[in-house]
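Colleague: Below is the file final_15.txt, with compact mmCIF, C-alpha atoms and all ligand atoms.
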```txt
# COMPACT_ATOMS: atom_id res chain seq x y z
CA MET A 7 109.50 39.12 148.75
CA GLY A 8 113.12 38.00 148.56
CA GLU A 9 115.76 40.19 147.05
CA GLU A 10 116.58 39.34 143.45
CA ILE A 11 119.89 37.51 143.12
CA LYS A 12 122.46 39.39 141.05
CA ARG A 13 124.21 37.10 138.60
CA ALA A 14 127.50 37.79 136.84
CA PHE A 15 129.54 35.55 134.54
CA VAL A 16 132.87 34.88 132.93
CA CYS A 17 132.53 34.02 129.26
CA GLY A 18 135.23 32.48 127.10
CA HIS A 19 135.96 29.55 124.81
CA PRO A 20 137.11 27.49 126.57
CA VAL A 21 136.38 28.90 130.00
CA SER A 22 137.09 25.96 132.29
CA HIS A 23 140.58 27.21 133.20
CA SER A 24 139.31 30.58 134.46
CA MET A 25 140.25 31.52 138.02
CA SER A 26 137.68 34.32 138.10
CA PRO A 27 134.96 32.18 139.76
CA VAL A 28 137.38 31.48 142.62
CA ILE A 29 138.06 35.19 143.09
CA HIS A 30 134.47 36.44 142.84
CA GLY A 31 133.14 33.46 144.78
CA TYR A 32 135.52 34.34 147.62
CA TRP A 33 134.31 37.95 147.68
CA LEU A 34 130.63 37.00 147.48
CA ALA A 35 131.08 34.72 150.50
CA HIS A 36 133.27 37.22 152.35
CA HIS A 37 130.63 39.94 152.00
CA ASN A 38 127.77 37.56 152.67
CA LEU A 39 126.07 38.44 149.38
CA THR A 40 123.46 36.28 147.74
CA GLY A 41 124.88 36.94 144.26
CA ALA A 42 126.26 34.40 141.83
CA TYR A 43 129.25 34.31 139.49
CA GLU A 44 129.01 31.67 136.79
CA LYS A 45 131.31 30.18 134.15
CA VAL A 46 129.70 30.37 130.74
CA GLY A 47 131.33 28.61 127.83
CA VAL A 48 129.98 30.01 124.56
CA ALA A 49 130.88 28.81 121.07
CA PRO A 50 131.94 31.51 118.60
CA GLU A 51 128.75 31.34 116.53
CA GLN A 52 126.67 31.90 119.69
CA PHE A 53 128.71 34.70 121.21
CA SER A 54 127.06 37.81 119.81
CA LYS A 55 123.62 36.42 120.72
CA PHE A 56 124.85 35.72 124.26
CA ILE A 57 126.41 39.12 124.82
CA THR A 58 123.46 41.06 123.42
CA SER A 59 120.88 39.13 125.47
CA LEU A 60 122.22 39.63 128.99
CA GLN A 61 119.10 41.44 130.17
CA GLU A 62 116.87 38.55 129.09
CA THR A 63 119.17 35.94 130.61
CA GLY A 64 119.21 37.80 133.92
CA PHE A 65 122.88 38.74 134.08
CA VAL A 66 123.96 42.14 135.47
CA GLY A 67 127.30 41.85 133.70
CA GLY A 68 130.45 39.79 133.61
CA ASN A 69 133.98 39.17 132.48
CA ILE A 70 135.03 38.42 128.94
CA THR A 71 138.06 36.31 128.28
CA ILE A 72 139.87 34.73 125.34
CA PRO A 73 138.90 34.77 122.47
CA TYR A 74 136.13 37.37 122.86
CA LYS A 75 137.80 40.50 124.23
CA GLU A 76 138.11 42.16 120.81
CA SER A 77 134.69 41.14 119.49
CA THR A 78 133.06 42.50 122.66
CA PHE A 79 134.80 45.78 121.94
CA ASP A 80 132.88 45.92 118.65
CA ILE A 81 129.53 45.00 120.20
CA VAL A 82 129.06 47.04 123.40
CA SER A 83 127.09 50.30 123.29
CA ARG A 84 129.38 52.30 125.58
CA LEU A 85 133.15 52.06 125.84
CA ASP A 86 135.21 53.93 128.40
CA ASP A 87 138.56 55.55 127.74
CA ALA A 88 140.58 52.50 128.83
CA ALA A 89 138.70 50.07 126.59
CA ARG A 90 138.90 52.47 123.67
CA HIS A 91 142.66 52.80 123.91
CA ILE A 92 143.37 49.17 124.70
CA GLY A 93 141.05 47.99 121.93
CA ALA A 94 139.60 45.14 123.98
CA VAL A 95 136.96 44.66 126.68
CA ASN A 96 137.30 42.34 129.68
CA THR A 97 134.43 43.63 131.84
CA VAL A 98 130.83 44.44 130.87
CA TRP A 99 127.77 45.61 132.76
CA LEU A 100 124.26 46.80 132.02
CA GLU A 101 123.50 50.39 132.86
CA ASP A 102 120.29 52.18 131.85
CA GLY A 103 119.53 49.22 129.63
CA LEU A 104 122.76 49.63 127.67
CA LEU A 105 125.77 47.32 127.59
CA HIS A 106 128.89 49.10 128.86
CA GLY A 107 132.44 47.82 128.50
CA THR A 108 135.78 48.58 130.06
CA ASN A 109 139.18 46.98 130.29
CA THR A 110 140.48 46.59 133.84
CA ASP A 111 143.78 44.84 133.04
CA TRP A 112 145.68 48.11 133.30
CA ILE A 113 144.25 48.79 136.77
CA GLY A 114 145.20 45.26 137.79
CA PHE A 115 148.74 45.80 136.56
CA ALA A 116 149.17 49.18 138.27
CA SER A 117 147.56 48.09 141.56
CA ASN A 118 149.75 44.98 141.71
CA LEU A 119 152.87 47.14 141.48
CA ASP A 120 151.39 49.65 143.95
CA GLN A 121 151.05 46.76 146.40
CA PHE A 122 154.40 45.08 145.90
CA ALA A 123 156.72 47.75 144.45
CA GLN A 124 155.68 51.00 146.06
CA GLY A 125 156.99 54.03 144.20
CA TRP A 126 157.32 52.10 140.92
CA ALA A 127 155.56 54.85 138.98
CA SER A 128 158.39 57.28 139.62
CA ALA A 129 160.38 55.27 137.05
CA ASP A 130 161.80 57.47 134.29
CA LYS A 131 162.18 54.70 131.77
CA ALA A 132 160.24 51.45 131.31
CA VAL A 133 160.75 48.60 128.87
CA VAL A 134 157.87 46.36 127.77
CA MET A 135 158.74 43.03 126.20
CA GLY A 136 156.05 41.93 123.76
CA ALA A 137 153.48 43.72 121.62
CA GLY A 138 150.40 41.49 121.76
CA GLY A 139 147.00 42.21 123.25
CA ALA A 140 148.31 42.08 126.82
CA ALA A 141 151.03 44.63 126.10
CA ARG A 142 148.40 47.22 125.12
CA GLY A 143 146.97 47.26 128.64
CA ILE A 144 150.44 47.60 130.11
CA VAL A 145 151.43 50.51 127.88
CA TYR A 146 148.14 52.25 128.73
CA ALA A 147 148.87 51.78 132.46
CA LEU A 148 152.40 53.13 132.11
CA ILE A 149 151.13 56.23 130.31
CA LYS A 150 148.29 56.76 132.81
CA ARG A 151 150.75 56.54 135.69
CA GLY A 152 153.05 59.09 134.12
CA ILE A 153 156.08 57.08 133.01
CA GLY A 154 158.00 59.46 130.75
CA GLU A 155 159.83 57.05 128.46
CA ILE A 156 158.48 53.71 127.28
CA HIS A 157 160.30 51.27 125.02
CA ILE A 158 158.37 48.45 123.38
CA VAL A 159 160.61 45.60 122.30
CA ASN A 160 159.14 42.79 120.28
CA ARG A 161 160.44 39.89 118.23
CA THR A 162 158.25 40.99 115.33
CA ARG A 163 159.29 44.61 115.02
CA SER A 164 156.22 45.73 113.03
CA ARG A 165 153.88 44.88 115.93
CA ALA A 166 155.98 47.03 118.28
CA ASP A 167 155.83 49.86 115.75
CA GLN A 168 152.05 49.60 115.51
CA LEU A 169 151.64 49.55 119.28
CA ALA A 170 153.91 52.54 119.78
CA ALA A 171 152.13 54.48 117.03
CA SER A 172 148.69 53.78 118.39
CA PHE A 173 149.58 55.23 121.79
CA SER A 174 151.73 58.11 120.58
CA SER A 175 148.88 60.62 120.78
CA LEU A 176 148.03 59.77 124.37
CA GLY A 177 149.83 61.63 127.14
CA ALA A 178 153.28 63.11 127.23
CA ALA A 179 155.23 59.86 127.23
CA LYS A 180 157.98 59.25 124.72
CA ILE A 181 157.12 55.86 123.24
CA GLU A 182 159.61 53.99 121.11
CA ALA A 183 159.64 50.65 119.34
CA ASP A 184 163.01 48.91 119.50
CA ASP A 185 164.51 45.88 117.78
CA TRP A 186 164.49 42.59 119.66
CA PRO A 187 168.18 41.74 119.03
CA THR A 188 169.21 44.99 120.73
CA LEU A 189 167.05 44.46 123.81
CA SER A 190 170.04 44.80 126.13
CA LYS A 191 170.64 48.28 124.73
CA SER A 192 166.99 49.20 125.30
CA LEU A 193 167.27 47.99 128.89
CA HIS A 194 170.15 50.30 129.60
CA GLY A 195 169.23 52.54 132.53
CA ALA A 196 165.61 51.37 132.64
CA ASP A 197 163.89 51.39 136.06
CA LEU A 198 161.10 48.98 135.14
CA LEU A 199 160.94 45.87 132.96
CA VAL A 200 157.61 44.27 132.12
CA ASN A 201 157.42 40.92 130.36
CA THR A 202 154.18 40.24 128.47
CA THR A 203 155.54 37.32 126.42
CA SER A 204 155.66 33.60 127.03
CA LEU A 205 159.41 33.75 126.57
CA GLY A 206 161.32 31.24 128.69
CA LEU A 207 158.22 29.17 129.46
CA ASP A 208 157.96 25.55 128.37
CA GLY A 209 161.18 25.74 126.42
CA ASN A 210 160.05 28.84 124.50
CA GLY A 211 163.33 30.65 123.81
CA GLU A 212 166.15 31.79 126.05
CA ILE A 213 165.54 34.51 128.60
CA PRO A 214 167.47 37.64 127.69
CA ASP A 215 170.43 39.22 129.41
CA ILE A 216 169.02 41.95 131.66
CA SER A 217 172.28 43.20 133.10
CA GLY A 218 171.78 46.62 131.50
CA LEU A 219 168.89 47.46 133.81
CA SER A 220 169.37 50.02 136.51
CA PRO A 221 170.33 48.07 139.71
CA SER A 222 167.20 49.34 141.48
CA ALA A 223 164.91 48.38 138.58
CA VAL A 224 161.69 46.50 139.27
CA VAL A 225 161.05 43.44 137.09
CA THR A 226 157.54 42.11 136.63
CA ASP A 227 155.86 39.45 134.55
CA ILE A 228 152.20 39.27 133.67
CA VAL A 229 152.39 35.47 133.46
CA TYR A 230 151.32 33.96 136.82
CA SER A 231 151.67 30.26 136.13
CA PRO A 232 154.33 29.51 137.22
CA LEU A 233 154.45 32.33 139.77
CA GLN A 234 158.23 32.52 139.51
CA THR A 235 158.87 32.65 135.78
CA PRO A 236 162.40 32.06 134.48
CA LEU A 237 162.75 35.82 133.94
CA LEU A 238 161.70 36.64 137.50
CA LYS A 239 164.04 34.02 138.91
CA SER A 240 166.97 35.41 137.00
CA ALA A 241 166.06 39.01 137.94
CA ALA A 242 165.76 38.11 141.63
CA LYS A 243 169.15 36.42 141.48
CA ALA A 244 170.58 39.64 140.07
CA GLY A 245 169.18 41.53 143.07
CA HIS A 246 166.11 43.13 141.47
CA LEU A 247 162.80 43.56 143.19
CA THR A 248 160.45 41.21 141.33
CA VAL A 249 156.65 41.14 141.21
CA ASP A 250 154.74 38.13 139.92
CA GLY A 251 151.65 38.39 137.75
CA LEU A 252 149.10 36.91 140.13
CA GLY A 253 148.33 40.24 141.76
CA MET A 254 147.36 41.65 138.36
CA LEU A 255 144.76 38.92 137.99
CA LEU A 256 143.38 39.59 141.47
CA HIS A 257 143.33 43.38 141.20
CA GLN A 258 141.79 43.46 137.71
CA ALA A 259 138.74 41.75 139.20
CA VAL A 260 138.00 44.53 141.71
CA PRO A 261 136.19 47.06 139.46
CA GLY A 262 133.91 44.41 137.94
CA PHE A 263 132.79 43.06 141.30
CA GLU A 264 132.07 46.60 142.46
CA LYS A 265 130.01 47.35 139.33
CA TRP A 266 127.90 44.19 139.55
CA PHE A 267 127.49 43.75 143.29
CA GLY A 268 127.91 47.30 144.65
CA ILE A 269 130.73 46.64 147.10
CA ARG A 270 134.38 47.40 146.49
CA PRO A 271 136.21 44.21 147.49
CA ARG A 272 139.75 43.94 148.81
CA VAL A 273 142.63 41.86 147.50
CA THR A 274 143.79 40.08 150.65
CA ASP A 275 146.61 37.63 151.37
CA GLU A 276 143.92 35.07 152.09
CA LEU A 277 142.51 35.47 148.56
CA ARG A 278 145.96 35.18 147.06
CA GLU A 279 146.62 31.97 149.00
CA LEU A 280 143.25 30.57 147.96
CA VAL A 281 143.98 31.13 144.26
CA ILE A 282 147.49 29.66 144.60
CA ALA A 283 146.01 26.57 146.26
CA GLU A 284 143.48 26.25 143.44
CA MET A 285 146.22 26.58 140.80
CA ASP A 286 148.25 23.87 142.58
CA LYS A 287 145.22 21.60 142.63
CA ARG A 288 144.73 21.96 138.89
CA HIS A 289 148.31 21.12 138.01
P1 LIG B 1 148.90 38.24 124.25
O1 LIG B 1 147.59 38.73 123.75
O2 LIG B 1 148.83 37.38 125.46
O3 LIG B 1 149.88 39.35 124.44
P2 LIG B 1 150.02 37.38 121.70
O4 LIG B 1 149.28 38.40 120.94
O5 LIG B 1 150.10 36.00 121.16
O6 LIG B 1 149.45 37.20 123.16
O7 LIG B 1 151.47 37.92 121.98
C1 LIG B 1 152.49 37.14 122.49
C2 LIG B 1 153.77 37.96 122.58
O8 LIG B 1 154.84 37.12 122.99
C3 LIG B 1 154.17 38.56 121.26
O9 LIG B 1 154.73 39.83 121.51
C4 LIG B 1 155.22 37.56 120.75
O10 LIG B 1 156.13 38.10 119.83
P3 LIG B 1 155.75 38.16 118.26
O11 LIG B 1 154.85 39.36 118.08
O12 LIG B 1 157.04 38.30 117.57
O13 LIG B 1 155.04 36.86 117.94
C5 LIG B 1 155.92 37.23 122.06
N1 LIG B 1 156.70 35.98 122.05
C6 LIG B 1 156.23 34.72 122.12
N2 LIG B 1 157.25 33.82 122.09
C7 LIG B 1 158.40 34.55 122.01
C8 LIG B 1 159.80 34.21 121.96
N3 LIG B 1 160.24 32.95 121.98
N4 LIG B 1 160.68 35.22 121.86
C9 LIG B 1 160.28 36.50 121.85
N5 LIG B 1 158.98 36.88 121.90
C10 LIG B 1 158.05 35.92 121.99
```
With the file now loaded, output its structure as structure tokens.
Modeller:
Amino acid sequence: MGEEIKRAFVCGHPVSHSMSPVIHGYWLAHHNLTGAYEKVGVAPEQFSKFITSLQETGFVGGNITIPYKESTFDIVSRLDDAARHIGAVNTVWLEDGLLHGTNTDWIGFASNLDQFAQGWASADKAVVMGAGGAARGIVYALIKRGIGEIHIVNRTRSRADQLAASFSSLGAAKIEADDWPTLSKSLHGADLLVNTTSLGLDGNGEIPDISGLSPSAVVTDIVYSPLQTPLLKSAAKAGHLTVDGLGMLLHQAVPGFEKWFGIRPRVTDELRELVIAEMDKRH
């Protein structure tokens, strides 16, 4: 009797843009596994049925993308610490017949910096631009990796306040919400700047003055298309070490693949080049 094929999915609405099939497909082939990773587009009225019927449809688990990360949080039977704090789920799997959920974005973020900005976590002060869903994963990562002082700066101040408040009980970090117009003051002496906004892209606003950063500060963007965002370009020009967001996408995929297929895959240069080539093809 042949071995049963393990099937995983990425589910979103729409889902056609997802790069996850490229990543998991590469690892399945690299490890010579007979598994499958499928794109599943599900309309909102069908989503809860889809996510609660994985066993019957033969899926071992999968990735959840926009707009279902928060609704999955409400549906799964078991949430881990990361998902609970981030308030959203991007990876699910069946275990003992129950649907489990985690959020691996924070691991992707931290591993990307581990790869390209070794020692980043010794930063005393970090500034996060933006206070949306993506920023939650970043703040969680910064706290988990022991950053002592975190400033959240957002155009809409109330969202920064809410984000700071919701993480204030976790860990020893000092977390502050700052006003957007005084960003340059917040940047003063910071060792790490993380952009989670679409600022500077497609004519969306002017990129801010970052001259207050510590000269050795690392600047990273979670946007990966384009790889060199206007902020990263300007930071590189000013002599900062910059890290693009593609590595976050690649590294966040590792724990899911390991859960579903039982092998911990590696983020290689070859994988990175493959995804870049695919992004170029789609443009
Ligand atoms: P995501 O879940 O990807 O983080 P989001 O919730 O839409 O997406 O958040 C987008 C972030 O980019 C927000 O912090 C937004 O600021 P507001 O909360 O004030 O809307 C920020 N953003 C988008 N365009 C911006 C701009 N031109 N200037 C400053 N911030 C901007």
Colleague: Measuring between only C-alpha atoms and all ligand atoms, which one of A:Leu277, A:Ala242, A:Ile228, A:Leu247 shows the shortest distance to ligand LIG 1 (chain B)?
Modeller: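 Checking each candidate against ligand LIG 1 (chain B), we get A:Ile228 as the closest.
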Colleague: One decimal, Å: what's the distance from atom CA of Val229 of chain A over to atom CA of Phe79 of chain A, could you say?
Modeller: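 Those two atoms sit 23.4 Å apart.
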Colleague: Please provide the set of residues having any atom within 12 Å of Pro261 of chain A, restricted to all atoms listed in the file, with same-chain residues fewer than 2 positions apart removed, written as a ChimeraX atom specification.
Modeller: /A:30,67-69,96-99,107-114,117,255-259,263-273
Colleague: Can you tell me which residues sit at most 9 Å away from ligand LIG 1 (chain B), counting all atoms listed in the file, written as a ChimeraX atom specification?
Modeller: /A:72,135-142,159-166,186,201-207,209-213,229
Colleague: What does the structure give for the distance between atom CA of Ala129 of chain A and atom CA of Ser192 of chain A, in Å to one decimal?
Modeller: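 So the answer is 14.8 Å.
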Colleague: Point out the residue among A:Ile216, A:Ile81, A:Ala35, A:Ala94 with the least atom-to-atom distance to Lys55 of chain A, counting all atoms listed in the file.
Modeller: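 The shortest atom-to-atom distance to Lys55 of chain A comes from A:Ile81.
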Colleague: Out of A:Gln168, A:Ser220, A:Ser59, A:Ser174, which residue has the shortest atom-to-atom distance to Ser190 of chain A when counting only C-alpha atoms?
Modeller: A:Ser220
Colleague: Can you work out which one of A:Val66, A:Val200, A:Val95, A:Thr188 has the shortest atom-to-atom distance to Val145 of chain A, counting all atoms listed in the file?
Modeller: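 For Val145 of chain A, the nearest of the given residues is A:Val200.
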Colleague: In Å, with one decimal, what is the gap from atom CA of Glu182 of chain A to atom CA of Glu155 of chain A?
Modeller: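 That distance, rounded to one decimal, is 8.0 Å.
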Colleague: For a quick check of understanding, using only C-alpha atoms, which of A:Asp208, A:Ala171, A:Asp197, A:Lys243 has the smallest distance to Pro221 of chain A?
Modeller: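 Checking each candidate against Pro221 of chain A, we get A:Asp197 as the closest.
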Colleague: Box time for segment 57-60 of chain A: axis-aligned, enclosing all its listed atoms, 3 Å extra on each side; report centre and edge lengths in Å to one decimal, as lines of an AutoDock Vina configuration file.
Modeller:
```
center_x = 123.6
center_y = 40.1
center_z = 126.2
size_x = 11.5
size_y = 7.9
size_z = 11.6
```
Colleague: Nearest to Pro20 of chain A among A:Leu34, A:Leu280, A:Thr71, A:Ala123, with distances taken over only C-alpha atoms: which residue is it?
Modeller: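 Nearest to Pro20 of chain A: A:Thr71.
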Colleague: What does segment 226-247 of chain A look like written to a file with N, CA, C and O atoms, as a short mmCIF file (atom, residue, chain, number, x, y, z; two decimals), in the first residue's frame?
Modeller:
```
data_model
loop_
_atom_site.label_atom_id
_atom_site.label_comp_id
_atom_site.auth_asym_id
_atom_site.auth_seq_id
_atom_site.Cartn_x
_atom_site.Cartn_y
_atom_site.Cartn_z
N THR A 226 14.96 47.92 8.81
CA THR A 226 14.32 46.83 8.08
C THR A 226 12.88 47.16 7.75
O THR A 226 12.24 47.97 8.43
N ASP A 227 12.41 46.55 6.67
CA ASP A 227 11.06 46.80 6.19
C ASP A 227 10.39 45.45 6.06
O ASP A 227 11.04 44.49 5.63
N ILE A 228 9.13 45.37 6.38
CA ILE A 228 8.48 44.05 6.21
C ILE A 228 7.89 43.92 4.81
O ILE A 228 7.51 42.84 4.40
N VAL A 229 7.83 45.05 4.09
CA VAL A 229 7.39 45.00 2.69
C VAL A 229 8.50 44.34 1.88
O VAL A 229 9.68 44.63 2.10
N TYR A 230 8.17 43.43 0.95
CA TYR A 230 9.24 42.81 0.14
C TYR A 230 9.05 43.02 -1.36
O TYR A 230 9.81 42.47 -2.16
N SER A 231 8.03 43.80 -1.72
CA SER A 231 7.84 44.10 -3.12
C SER A 231 7.56 45.60 -3.25
O SER A 231 6.46 46.03 -2.90
N PRO A 232 8.52 46.41 -3.64
CA PRO A 232 9.85 46.05 -4.11
C PRO A 232 10.77 45.62 -2.96
O PRO A 232 10.53 45.98 -1.81
N LEU A 233 11.83 44.91 -3.30
CA LEU A 233 12.78 44.49 -2.26
C LEU A 233 13.43 45.69 -1.60
O LEU A 233 13.56 45.75 -0.39
N GLN A 234 13.85 46.64 -2.45
CA GLN A 234 14.47 47.86 -1.90
C GLN A 234 13.41 48.94 -1.84
O GLN A 234 13.16 49.65 -2.81
N THR A 235 12.76 49.07 -0.70
CA THR A 235 11.73 50.09 -0.55
C THR A 235 12.40 51.47 -0.47
O THR A 235 13.60 51.56 -0.19
N PRO A 236 11.63 52.54 -0.70
CA PRO A 236 12.23 53.88 -0.59
C PRO A 236 12.92 54.09 0.75
O PRO A 236 14.00 54.68 0.82
N LEU A 237 12.33 53.57 1.83
CA LEU A 237 12.95 53.74 3.15
C LEU A 237 14.31 53.02 3.20
O LEU A 237 15.30 53.57 3.69
N LEU A 238 14.35 51.80 2.71
CA LEU A 238 15.62 51.05 2.75
C LEU A 238 16.69 51.72 1.90
O LEU A 238 17.85 51.78 2.27
N LYS A 239 16.26 52.24 0.76
CA LYS A 239 17.22 52.93 -0.12
C LYS A 239 17.84 54.12 0.60
O LYS A 239 19.04 54.32 0.56
N SER A 240 16.95 54.89 1.23
CA SER A 240 17.45 56.10 1.89
C SER A 240 18.32 55.72 3.10
O SER A 240 19.34 56.37 3.37
N ALA A 241 17.95 54.66 3.80
CA ALA A 241 18.75 54.22 4.96
C ALA A 241 20.11 53.70 4.52
O ALA A 241 21.14 53.96 5.17
N ALA A 242 20.15 52.97 3.41
CA ALA A 242 21.42 52.44 2.91
C ALA A 242 22.34 53.58 2.51
O ALA A 242 23.54 53.57 2.77
N LYS A 243 21.75 54.59 1.89
CA LYS A 243 22.51 55.76 1.46
C LYS A 243 23.15 56.45 2.67
O LYS A 243 24.25 56.98 2.59
N ALA A 244 22.41 56.43 3.78
CA ALA A 244 22.91 57.07 5.00
C ALA A 244 23.88 56.17 5.75
O ALA A 244 24.33 56.51 6.85
N GLY A 245 24.19 55.00 5.18
CA GLY A 245 25.21 54.13 5.78
C GLY A 245 24.69 53.07 6.73
O GLY A 245 25.46 52.38 7.39
N HIS A 246 23.36 52.91 6.82
CA HIS A 246 22.81 51.90 7.72
C HIS A 246 22.83 50.52 7.09
O HIS A 246 22.72 50.38 5.87
N LEU A 247 22.93 49.52 7.94
CA LEU A 247 22.73 48.15 7.48
C LEU A 247 21.22 47.99 7.26
O LEU A 247 20.43 48.29 8.16
#
```
